[in-house]
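Novice: Contents of my_file37.cif (mmCIF, C-alpha atoms):
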data_final
loop_
_atom_site.group_PDB
_atom_site.id
_atom_site.type_symbol
_atom_site.label_atom_id
_atom_site.label_comp_id
_atom_site.auth_asym_id
_atom_site.auth_seq_id
_atom_site.Cartn_x
_atom_site.Cartn_y
_atom_site.Cartn_z
ATOM 1 C CA MET V 10 -6.721 -6.486 -47.393
ATOM 2 C CA LEU V 11 -2.973 -6.238 -48.051
ATOM 3 C CA GLU V 12 -0.461 -6.577 -45.242
ATOM 4 C CA MET V 13 0.454 -3.177 -43.781
ATOM 5 C CA LYS V 14 3.992 -2.210 -44.818
ATOM 6 C CA PRO V 15 6.474 -1.035 -42.159
ATOM 7 C CA LYS V 16 8.606 2.043 -42.785
ATOM 8 C CA THR V 17 11.351 1.633 -40.178
ATOM 9 C CA PRO V 18 13.319 -1.342 -38.752
ATOM 10 C CA ALA V 19 11.592 -3.901 -36.540
ATOM 11 C CA LYS V 20 11.465 -3.381 -32.808
ATOM 12 C CA LYS V 21 14.167 -5.453 -31.118
ATOM 13 C CA LEU V 22 13.247 -7.952 -28.439
ATOM 14 C CA HIS V 23 14.682 -6.561 -25.212
ATOM 15 C CA ARG V 24 13.824 -9.445 -22.888
ATOM 16 C CA ILE V 25 11.365 -12.252 -22.228
ATOM 17 C CA GLN V 26 9.540 -11.933 -18.932
ATOM 18 C CA ARG V 27 8.097 -14.983 -17.190
ATOM 19 C CA ASN V 28 6.864 -16.110 -13.797
ATOM 20 C CA THR V 29 6.215 -19.769 -13.003
ATOM 21 C CA VAL V 30 5.055 -19.060 -9.438
ATOM 22 C CA SER V 31 1.326 -18.571 -8.942
ATOM 23 C CA HIS V 32 -0.649 -17.180 -6.013
ATOM 24 C CA TRP V 33 -4.313 -16.874 -5.130
ATOM 25 C CA VAL V 34 -6.183 -13.589 -5.201
ATOM 26 C CA GLY V 35 -9.105 -14.285 -2.930
ATOM 27 C CA ASN V 36 -10.398 -17.818 -3.474
ATOM 28 C CA GLY V 37 -11.295 -17.480 -7.166
ATOM 29 C CA PHE V 38 -8.257 -16.211 -9.057
ATOM 30 C CA PRO V 39 -5.156 -18.440 -9.359
ATOM 31 C CA VAL V 40 -2.775 -15.795 -10.692
ATOM 32 C CA ARG V 41 0.665 -15.585 -12.240
ATOM 33 C CA THR V 42 1.951 -11.999 -12.347
ATOM 34 C CA LEU V 43 3.805 -11.941 -15.682
ATOM 35 C CA PHE V 44 5.115 -8.408 -15.306
ATOM 36 C CA SER V 45 5.004 -5.591 -12.780
ATOM 37 C CA TYR V 46 6.287 -2.033 -12.466
ATOM 38 C CA SER V 47 7.853 -3.020 -9.138
ATOM 39 C CA SER V 48 10.598 -4.841 -11.060
ATOM 40 C CA LEU V 49 10.476 -3.303 -14.547
ATOM 41 C CA GLY V 50 9.692 0.317 -13.648
ATOM 42 C CA SER V 51 9.303 2.751 -16.552
ATOM 43 C CA THR V 52 10.380 0.095 -19.096
ATOM 44 C CA ILE V 53 6.742 -1.007 -19.429
ATOM 45 C CA SER V 54 5.052 2.416 -19.079
ATOM 46 C CA PRO V 55 2.150 3.178 -19.417
ATOM 47 C CA PHE V 56 1.430 -0.398 -18.293
ATOM 48 C CA LEU V 57 1.907 -1.381 -14.674
ATOM 49 C CA LEU V 58 1.032 -5.026 -14.109
ATOM 50 C CA PHE V 59 -0.274 -8.099 -15.923
ATOM 51 C CA ASP V 60 -1.957 -10.954 -14.045
ATOM 52 C CA TYR V 61 -2.855 -14.181 -15.829
ATOM 53 C CA ALA V 62 -5.480 -16.240 -13.973
ATOM 54 C CA GLY V 63 -5.808 -19.824 -15.121
ATOM 55 C CA PRO V 64 -6.588 -21.705 -17.156
ATOM 56 C CA LYS V 65 -7.950 -23.739 -14.259
ATOM 57 C CA GLU V 66 -10.945 -26.038 -13.954
ATOM 58 C CA PHE V 67 -13.292 -25.251 -11.073
ATOM 59 C CA PRO V 68 -15.813 -27.860 -9.886
ATOM 60 C CA PRO V 69 -19.461 -26.843 -9.372
ATOM 61 C CA THR V 70 -20.040 -25.017 -6.097
ATOM 62 C CA GLU V 71 -22.559 -22.829 -4.284
ATOM 63 C CA LYS V 72 -19.722 -20.783 -2.727
ATOM 64 C CA ARG V 73 -18.870 -17.258 -3.850
ATOM 65 C CA LEU V 74 -15.471 -17.509 -5.476
ATOM 66 C CA GLY V 75 -13.452 -14.355 -6.008
ATOM 67 C CA VAL V 76 -12.194 -11.408 -4.001
ATOM 68 C CA GLY V 77 -14.241 -9.116 -1.780
ATOM 69 C CA GLU V 78 -14.159 -5.356 -1.308
ATOM 70 C CA HIS V 79 -10.792 -3.738 -1.941
ATOM 71 C CA PRO V 80 -9.717 -0.241 -3.039
ATOM 72 C CA HIS V 81 -7.818 1.246 -5.986
ATOM 73 C CA ARG V 82 -6.595 4.742 -6.842
ATOM 74 C CA GLY V 83 -4.470 6.268 -9.602
ATOM 75 C CA PHE V 84 -4.819 3.788 -12.479
ATOM 76 C CA GLU V 85 -7.158 1.567 -14.516
ATOM 77 C CA THR V 86 -7.802 -2.177 -14.471
ATOM 78 C CA VAL V 87 -8.604 -4.020 -17.700
ATOM 79 C CA THR V 88 -10.115 -7.497 -17.301
ATOM 80 C CA ILE V 89 -10.397 -9.761 -20.364
ATOM 81 C CA VAL V 90 -12.276 -13.053 -20.113
ATOM 82 C CA TYR V 91 -11.285 -16.051 -22.239
ATOM 83 C CA SER V 92 -13.303 -18.662 -20.358
ATOM 84 C CA GLY V 93 -15.736 -18.405 -17.463
ATOM 85 C CA GLU V 94 -17.673 -15.407 -16.175
ATOM 86 C CA VAL V 95 -16.814 -12.535 -13.824
ATOM 87 C CA GLU V 96 -19.212 -10.274 -11.922
ATOM 88 C CA HIS V 97 -18.062 -6.846 -10.765
ATOM 89 C CA ARG V 98 -19.528 -4.136 -8.509
ATOM 90 C CA ASP V 99 -17.903 -0.886 -7.390
ATOM 91 C CA SER V 100 -18.615 2.051 -5.116
ATOM 92 C CA SER V 101 -19.016 4.486 -8.031
ATOM 93 C CA GLY V 102 -22.080 2.561 -9.243
ATOM 94 C CA GLY V 103 -20.282 0.632 -11.972
ATOM 95 C CA GLY V 104 -20.835 -3.056 -12.413
ATOM 96 C CA GLY V 105 -21.800 -5.886 -14.664
ATOM 97 C CA LYS V 106 -21.111 -9.433 -15.786
ATOM 98 C CA ILE V 107 -18.596 -10.354 -18.463
ATOM 99 C CA GLY V 108 -18.076 -13.682 -20.192
ATOM 100 C CA PRO V 109 -15.857 -15.117 -22.945
ATOM 101 C CA GLY V 110 -14.599 -12.373 -25.265
ATOM 102 C CA ASP V 111 -15.899 -9.557 -23.056
ATOM 103 C CA VAL V 112 -13.803 -6.819 -21.440
ATOM 104 C CA GLN V 113 -14.242 -4.720 -18.302
ATOM 105 C CA TRP V 114 -12.295 -1.434 -18.355
ATOM 106 C CA MET V 115 -12.470 0.126 -14.894
ATOM 107 C CA THR V 116 -10.948 3.549 -14.245
ATOM 108 C CA ALA V 117 -10.266 3.806 -10.518
ATOM 109 C CA ALA V 118 -8.685 7.288 -10.848
ATOM 110 C CA SER V 119 -9.564 9.292 -7.693
ATOM 111 C CA GLY V 120 -10.512 6.103 -5.911
ATOM 112 C CA LEU V 121 -13.155 3.465 -5.454
ATOM 113 C CA VAL V 122 -13.824 0.159 -3.778
ATOM 114 C CA HIS V 123 -14.900 -2.891 -5.776
ATOM 115 C CA ASP V 124 -15.327 -6.637 -5.635
ATOM 116 C CA GLU V 125 -14.867 -9.343 -8.279
ATOM 117 C CA PHE V 126 -16.407 -12.828 -8.219
ATOM 118 C CA HIS V 127 -17.143 -15.737 -10.506
ATOM 119 C CA SER V 128 -20.720 -15.342 -11.713
ATOM 120 C CA GLN V 129 -23.265 -17.419 -9.786
ATOM 121 C CA ASN V 130 -24.165 -19.331 -12.950
ATOM 122 C CA PHE V 131 -20.544 -20.236 -13.722
ATOM 123 C CA ALA V 132 -19.882 -21.242 -10.098
ATOM 124 C CA ARG V 133 -22.922 -23.552 -10.032
ATOM 125 C CA HIS V 134 -21.963 -25.318 -13.252
ATOM 126 C CA GLY V 135 -18.182 -25.161 -12.928
ATOM 127 C CA GLY V 136 -15.758 -25.243 -15.838
ATOM 128 C CA ILE V 137 -12.530 -23.778 -17.174
ATOM 129 C CA PHE V 138 -11.707 -20.316 -15.872
ATOM 130 C CA GLU V 139 -9.189 -18.155 -17.781
ATOM 131 C CA VAL V 140 -8.925 -14.394 -17.318
ATOM 132 C CA VAL V 141 -6.243 -11.728 -17.619
ATOM 133 C CA GLN V 142 -6.111 -8.426 -15.777
ATOM 134 C CA LEU V 143 -3.949 -5.550 -16.950
ATOM 135 C CA TRP V 144 -3.183 -2.424 -14.911
ATOM 136 C CA VAL V 145 -2.789 0.789 -16.934
ATOM 137 C CA ASN V 146 -1.240 3.877 -15.370
ATOM 138 C CA LEU V 147 -2.788 7.345 -15.525
ATOM 139 C CA PRO V 148 -0.846 10.598 -15.979
ATOM 140 C CA ALA V 149 -0.675 12.854 -12.924
ATOM 141 C CA LYS V 150 -3.264 15.267 -14.332
ATOM 142 C CA ASP V 151 -5.849 12.454 -14.549
ATOM 143 C CA LYS V 152 -5.142 10.451 -11.400
ATOM 144 C CA MET V 153 -7.837 12.279 -9.424
ATOM 145 C CA SER V 154 -10.452 12.195 -12.186
ATOM 146 C CA PRO V 155 -13.872 10.719 -11.369
ATOM 147 C CA PRO V 156 -14.015 6.906 -11.611
ATOM 148 C CA ARG V 157 -15.425 5.405 -14.812
ATOM 149 C CA TYR V 158 -16.648 1.945 -15.806
ATOM 150 C CA GLN V 159 -16.748 0.521 -19.342
ATOM 151 C CA ASN V 160 -18.442 -2.821 -19.945
ATOM 152 C CA ILE V 161 -17.296 -3.872 -23.431
ATOM 153 C CA LEU V 162 -19.030 -6.931 -24.854
ATOM 154 C CA ASN V 163 -17.528 -9.279 -27.426
ATOM 155 C CA ASP V 164 -19.838 -8.157 -30.225
ATOM 156 C CA GLN V 165 -18.746 -4.532 -29.693
ATOM 157 C CA ILE V 166 -15.091 -5.323 -30.402
ATOM 158 C CA PRO V 167 -14.097 -5.029 -34.091
ATOM 159 C CA PHE V 168 -12.549 -8.135 -35.623
ATOM 160 C CA MET V 169 -10.406 -8.795 -38.687
ATOM 161 C CA ILE V 170 -8.871 -11.824 -40.416
ATOM 162 C CA LEU V 171 -5.167 -11.152 -40.894
ATOM 163 C CA PRO V 172 -3.595 -11.557 -44.356
ATOM 164 C CA ASN V 173 -2.002 -14.763 -45.671
ATOM 165 C CA GLY V 174 -3.755 -17.006 -43.157
ATOM 166 C CA GLN V 175 -1.860 -15.529 -40.213
ATOM 167 C CA GLY V 176 -4.881 -15.620 -37.915
ATOM 168 C CA SER V 177 -7.116 -12.869 -36.558
ATOM 169 C CA ILE V 178 -7.100 -9.690 -34.482
ATOM 170 C CA ARG V 179 -9.636 -8.031 -32.171
ATOM 171 C CA VAL V 180 -9.011 -4.362 -31.404
ATOM 172 C CA ILE V 181 -10.038 -3.652 -27.806
ATOM 173 C CA ALA V 182 -8.332 -0.259 -27.612
ATOM 174 C CA GLY V 183 -6.524 1.929 -30.109
ATOM 175 C CA LYS V 184 -6.431 1.227 -33.816
ATOM 176 C CA TYR V 185 -5.243 -1.387 -36.287
ATOM 177 C CA ASP V 186 -5.653 -0.646 -39.996
ATOM 178 C CA ASP V 187 -9.282 0.549 -40.266
ATOM 179 C CA LEU V 188 -10.386 -1.031 -36.977
ATOM 180 C CA ILE V 189 -10.927 1.292 -34.007
ATOM 181 C CA GLY V 190 -11.327 -0.224 -30.548
ATOM 182 C CA PRO V 191 -14.296 0.793 -28.355
ATOM 183 C CA ALA V 192 -12.316 1.407 -25.144
ATOM 184 C CA MET V 193 -11.904 5.044 -24.099
ATOM 185 C CA THR V 194 -8.362 5.725 -22.854
ATOM 186 C CA PHE V 195 -6.574 8.684 -21.259
ATOM 187 C CA THR V 196 -3.334 8.259 -23.213
ATOM 188 C CA PRO V 197 -2.617 6.627 -26.609
ATOM 189 C CA ILE V 198 -2.900 2.874 -25.977
ATOM 190 C CA HIS V 199 -3.361 -0.151 -28.220
ATOM 191 C CA VAL V 200 -4.687 -3.449 -26.845
ATOM 192 C CA TRP V 201 -5.033 -6.127 -29.534
ATOM 193 C CA ASP V 202 -6.289 -9.657 -28.891
ATOM 194 C CA LEU V 203 -4.536 -11.978 -31.340
ATOM 195 C CA LEU V 204 -4.883 -15.522 -32.648
ATOM 196 C CA LEU V 205 -1.716 -16.376 -34.586
ATOM 197 C CA LYS V 206 -1.328 -19.742 -36.296
ATOM 198 C CA ASN V 207 0.869 -19.512 -39.374
ATOM 199 C CA LYS V 208 4.481 -20.507 -39.919
ATOM 200 C CA LYS V 209 4.953 -17.770 -42.526
ATOM 201 C CA PRO V 210 6.828 -14.559 -41.561
ATOM 202 C CA PHE V 211 4.517 -11.703 -40.636
ATOM 203 C CA ASN V 212 5.002 -8.035 -39.686
ATOM 204 C CA LEU V 213 2.709 -6.812 -36.936
ATOM 205 C CA VAL V 214 2.704 -3.049 -37.482
ATOM 206 C CA VAL V 215 2.809 -0.935 -34.302
ATOM 207 C CA PRO V 216 3.571 2.756 -33.650
ATOM 208 C CA ASP V 217 7.201 3.881 -33.546
ATOM 209 C CA ASP V 218 8.707 5.143 -30.271
ATOM 210 C CA ARG V 219 6.068 3.434 -28.133
ATOM 211 C CA THR V 220 6.302 0.749 -25.490
ATOM 212 C CA ALA V 221 5.423 -2.648 -26.975
ATOM 213 C CA LEU V 222 4.753 -5.909 -25.126
ATOM 214 C CA LEU V 223 3.589 -9.237 -26.551
ATOM 215 C CA ALA V 224 1.958 -11.435 -23.915
ATOM 216 C CA VAL V 225 1.571 -15.014 -25.143
ATOM 217 C CA LEU V 226 -1.078 -16.961 -23.228
ATOM 218 C CA LYS V 227 -1.149 -20.164 -25.283
ATOM 219 C CA GLY V 228 1.011 -21.624 -28.034
ATOM 220 C CA SER V 229 4.226 -19.881 -29.058
ATOM 221 C CA VAL V 230 5.551 -17.045 -31.212
ATOM 222 C CA GLN V 231 9.023 -17.048 -32.742
ATOM 223 C CA ILE V 232 10.602 -13.612 -33.051
ATOM 224 C CA ASN V 233 13.887 -14.825 -34.521
ATOM 225 C CA SER V 234 15.770 -18.066 -34.776
ATOM 226 C CA SER V 235 16.869 -17.924 -31.135
ATOM 227 C CA ASN V 236 13.936 -16.211 -29.410
ATOM 228 C CA THR V 237 10.607 -17.922 -28.871
ATOM 229 C CA ILE V 238 7.933 -16.437 -26.615
ATOM 230 C CA ARG V 239 6.004 -19.336 -25.112
ATOM 231 C CA ALA V 240 2.807 -19.712 -23.119
ATOM 232 C CA ALA V 241 2.591 -17.444 -20.055
ATOM 233 C CA GLU V 242 5.557 -15.350 -21.205
ATOM 234 C CA VAL V 243 5.816 -11.703 -22.255
ATOM 235 C CA GLY V 244 8.164 -10.295 -24.857
ATOM 236 C CA VAL V 245 9.344 -6.782 -23.948
ATOM 237 C CA PHE V 246 10.471 -4.809 -27.007
ATOM 238 C CA ASP V 247 12.603 -1.704 -27.472
ATOM 239 C CA GLY V 248 10.646 1.414 -28.362
ATOM 240 C CA THR V 249 12.358 2.186 -31.662
ATOM 241 C CA GLY V 250 10.799 0.599 -34.746
ATOM 242 C CA ASP V 251 7.322 0.489 -36.260
ATOM 243 C CA HIS V 252 6.682 -3.241 -36.373
ATOM 244 C CA ILE V 253 7.305 -6.567 -34.670
ATOM 245 C CA SER V 254 8.715 -9.133 -37.063
ATOM 246 C CA ILE V 255 7.129 -12.502 -36.329
ATOM 247 C CA GLU V 256 8.922 -15.379 -38.048
ATOM 248 C CA SER V 257 6.320 -17.971 -37.172
ATOM 249 C CA SER V 258 3.612 -18.765 -34.682
ATOM 250 C CA LYS V 259 2.043 -21.964 -33.433
ATOM 251 C CA ASN V 260 -1.602 -21.769 -32.331
ATOM 252 C CA ALA V 261 -0.846 -18.695 -30.251
ATOM 253 C CA THR V 262 -3.320 -16.702 -28.223
ATOM 254 C CA ALA V 263 -1.631 -13.396 -27.442
ATOM 255 C CA LEU V 264 -2.203 -9.801 -26.410
ATOM 256 C CA LEU V 265 -0.240 -6.987 -28.020
ATOM 257 C CA LEU V 266 0.061 -4.049 -25.639
ATOM 258 C CA CYS V 267 1.424 -0.806 -27.013
ATOM 259 C CA GLY V 268 1.343 2.670 -25.519
ATOM 260 C CA GLU V 269 2.913 6.077 -25.183
ATOM 261 C CA PRO V 270 5.162 6.099 -22.101
ATOM 262 C CA ILE V 271 4.149 8.335 -19.210
ATOM 263 C CA ASN V 272 7.401 9.983 -18.230
ATOM 264 C CA GLU V 273 6.516 10.689 -14.620
ATOM 265 C CA PRO V 274 7.609 9.245 -11.253
ATOM 266 C CA ILE V 275 5.805 6.135 -10.044
ATOM 267 C CA ALA V 276 5.026 5.607 -6.365
ATOM 268 C CA GLY V 277 3.020 2.508 -5.559
ATOM 269 C CA SER V 278 1.757 0.613 -2.557
ATOM 270 C CA GLY V 279 -0.554 -2.365 -3.007
ATOM 271 C CA PRO V 280 -3.763 -1.165 -4.684
ATOM 272 C CA PHE V 281 -2.610 2.471 -5.032
ATOM 273 C CA VAL V 282 -0.313 3.894 -7.743
ATOM 274 C CA MET V 283 0.460 7.601 -7.595
ATOM 275 C CA ASN V 284 3.458 9.884 -8.231
ATOM 276 C CA THR V 285 4.715 10.575 -4.696
ATOM 277 C CA GLN V 286 4.782 8.847 -1.337
ATOM 278 C CA SER V 287 2.714 11.646 0.202
ATOM 279 C CA GLU V 288 -0.029 10.910 -2.360
ATOM 280 C CA ILE V 289 0.116 7.232 -1.375
ATOM 281 C CA ASN V 290 -0.220 8.201 2.291
ATOM 282 C CA GLN V 291 -3.244 10.336 1.416
ATOM 283 C CA ALA V 292 -4.821 7.462 -0.547
ATOM 284 C CA ILE V 293 -4.442 5.144 2.455
ATOM 285 C CA ALA V 294 -5.935 7.766 4.769
ATOM 286 C CA ASP V 295 -8.861 8.411 2.400
ATOM 287 C CA TYR V 296 -9.623 4.697 2.160
ATOM 288 C CA GLN V 297 -9.418 4.193 5.902
ATOM 289 C CA SER V 298 -11.806 7.112 6.451
ATOM 290 C CA ASP V 299 -14.330 5.629 3.971
ATOM 291 C CA LYS V 300 -13.906 8.421 1.412
ATOM 292 C CA MET V 301 -13.752 5.835 -1.390
ATOM 293 C CA GLY V 302 -17.133 4.436 -0.410
ATOM 294 C CA HIS V 303 -18.382 0.868 -0.298
ATOM 295 C CA VAL V 304 -19.981 -1.614 -2.657
ATOM 296 C CA THR V 305 -23.753 -1.653 -2.340
ATOM 297 C CA SER V 306 -26.154 -4.330 -3.575
#
Here is a file; write its structure as structure tokens.
Specialist:
Amino acid sequence: MLEMKPKTPAKKLHRIQRNTVSHWVGNGFPVRTLFSYSSLGSTISPFLLFDYAGPKEFPPTEKRLGVGEHPHRGFETVTIVYSGEVEHRDSSGGGGKIGPGDVQWMTAASGLVHDEFHSQNFARHGGIFEVVQLWVNLPAKDKMSPPRYQNILNDQIPFMILPNGQGSIRVIAGKYDDLIGPAMTFTPIHVWDLLLKNKKPFNLVVPDDRTALLAVLKGSVQINSSNTIRAAEVGVFDGTGDHISIESSKNATALLLCGEPINEPIAGSGPFVMNTQSEINQAIADYQSDKMGHVTS
């Protein structure tokens, strides 16, 4: 395969987003929130939030580690496992276990309640736990759609070796070259899982006039002589341009997130993201009156 050739100038790096402060979600997820709509607003649309949990070593235990029942409405959560195992159950009947390389794409939409825990097997044996969770917004017309659950296993995700020894790419959602990701999305979204390891310049071709974010989990990626995106940092790019020009990379594990902005108001409160405050108030009332259901065994 030949390297895909860009047609317009490279997307410019707008800023590098980082957060060195971590917090616990429940007792199983030591999280750094690398970006959030609460501070970046529409700049990152259609994406809302990116939590990076780990890498952290957990000793063997018989305890249930994770977070219990909690609600969501108005968006989707995308959980990608790099190390460890996560078990999920929700009030719409969705659920499953995901391990290294697997992805859980949960559409909360009109609302559900779910829980997330380390798998019993992983908890008993212990080990390194490393997971990311991405929140993806839904357009107003889809926010009250029925919930949906997609359990996407590693062997269902198409994989390609990049040209000139640059590394590899897995297409979780969207398209890259001839690879089409298995995730069903409501708006045009690309989620690419990247291993980048070459010092040679490389153009990562992405759609023009779309939001583009490069989240580096490990290693580093140099965008130009003065800008290096390091571990647990996110490069936020301007929309204009059809590629990201990577000068070099050093054993980088990264996620490229690209999507068509949703040009609508955002109103959020905790686990609910809607378009107006009255819709948030209704979501809270519906949850409190048990209209979102409960997790059942």
Novice: Taking all atoms listed in the file into account, name the residue in V:Asn146, V:Lys152, V:Asn290, V:Lys208 that is nearest to V:Gly50.
Specialist: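 Closest to V:Gly50, using all atoms listed in the file: V:Asn146.
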Novice: Given the choices V:Gly268, V:Glu242, V:Trp201, V:Ala294, which gets closest to V:Asn28 if the distance is worked out from all atoms listed in the file?
Specialist: V:Glu242
Novice: For stretch 295-306 of chain V, take all atoms listed in the file, fit an axis-aligned box around them, add 8 Å to each of the six sides, then output centre and edge lengths in Å rounded to one decimal, as JSON.
Specialist:
{"center_x": -17.5, "center_y": 2.0, "center_z": 1.4, "size_x": 33.3, "size_y": 28.8, "size_z": 26.0}
Novice: Expand the PyMOL selection byres ((chain V and resi 20) around 8) into the individual residues it matches in the shown file, reporting them as a PyMOL selection string.
Specialist: chain V and resi 18-19+21-22+246-254
Novice: Written as a PyMOL selection string, which residues does the PyMOL selection byres ((chain V and resi 132) around 12) give for the file shown?
Specialist: chain V and resi 37+66-75+93-96+126-131+133-138
Novice: To test your reading of the syntax: which residues would the PyMOL selection byres ((chain V and resi 91) around 12) return for the file shown? Reply as a ChimeraX atom specification.
Specialist: /V:61-65,88-90,92-95,107-112,137-142,163,202,226-227,262-264
Novice: From the options V:His23, V:His123, V:Arg41, V:His97, which residue's atoms come nearest to V:Pro280, counting only C-alpha atoms?
Specialist: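 That would be V:His123, the residue with the smallest distance to V:Pro280.
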Novice: Between atom CA of V:Pro167 and atom CA of V:Pro216, what is the distance in Å, rounded to a tenth?
Specialist: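 It comes out at 19.3 Å.
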Novice: For stretch 283-285 of chain V, find every residue with an atom within 7 Å (counting all atoms listed in the file), except residues of its own chain fewer than 6 positions away, and show them as a PyMOL selection string.
Specialist: chain V and resi 83+149+274-277
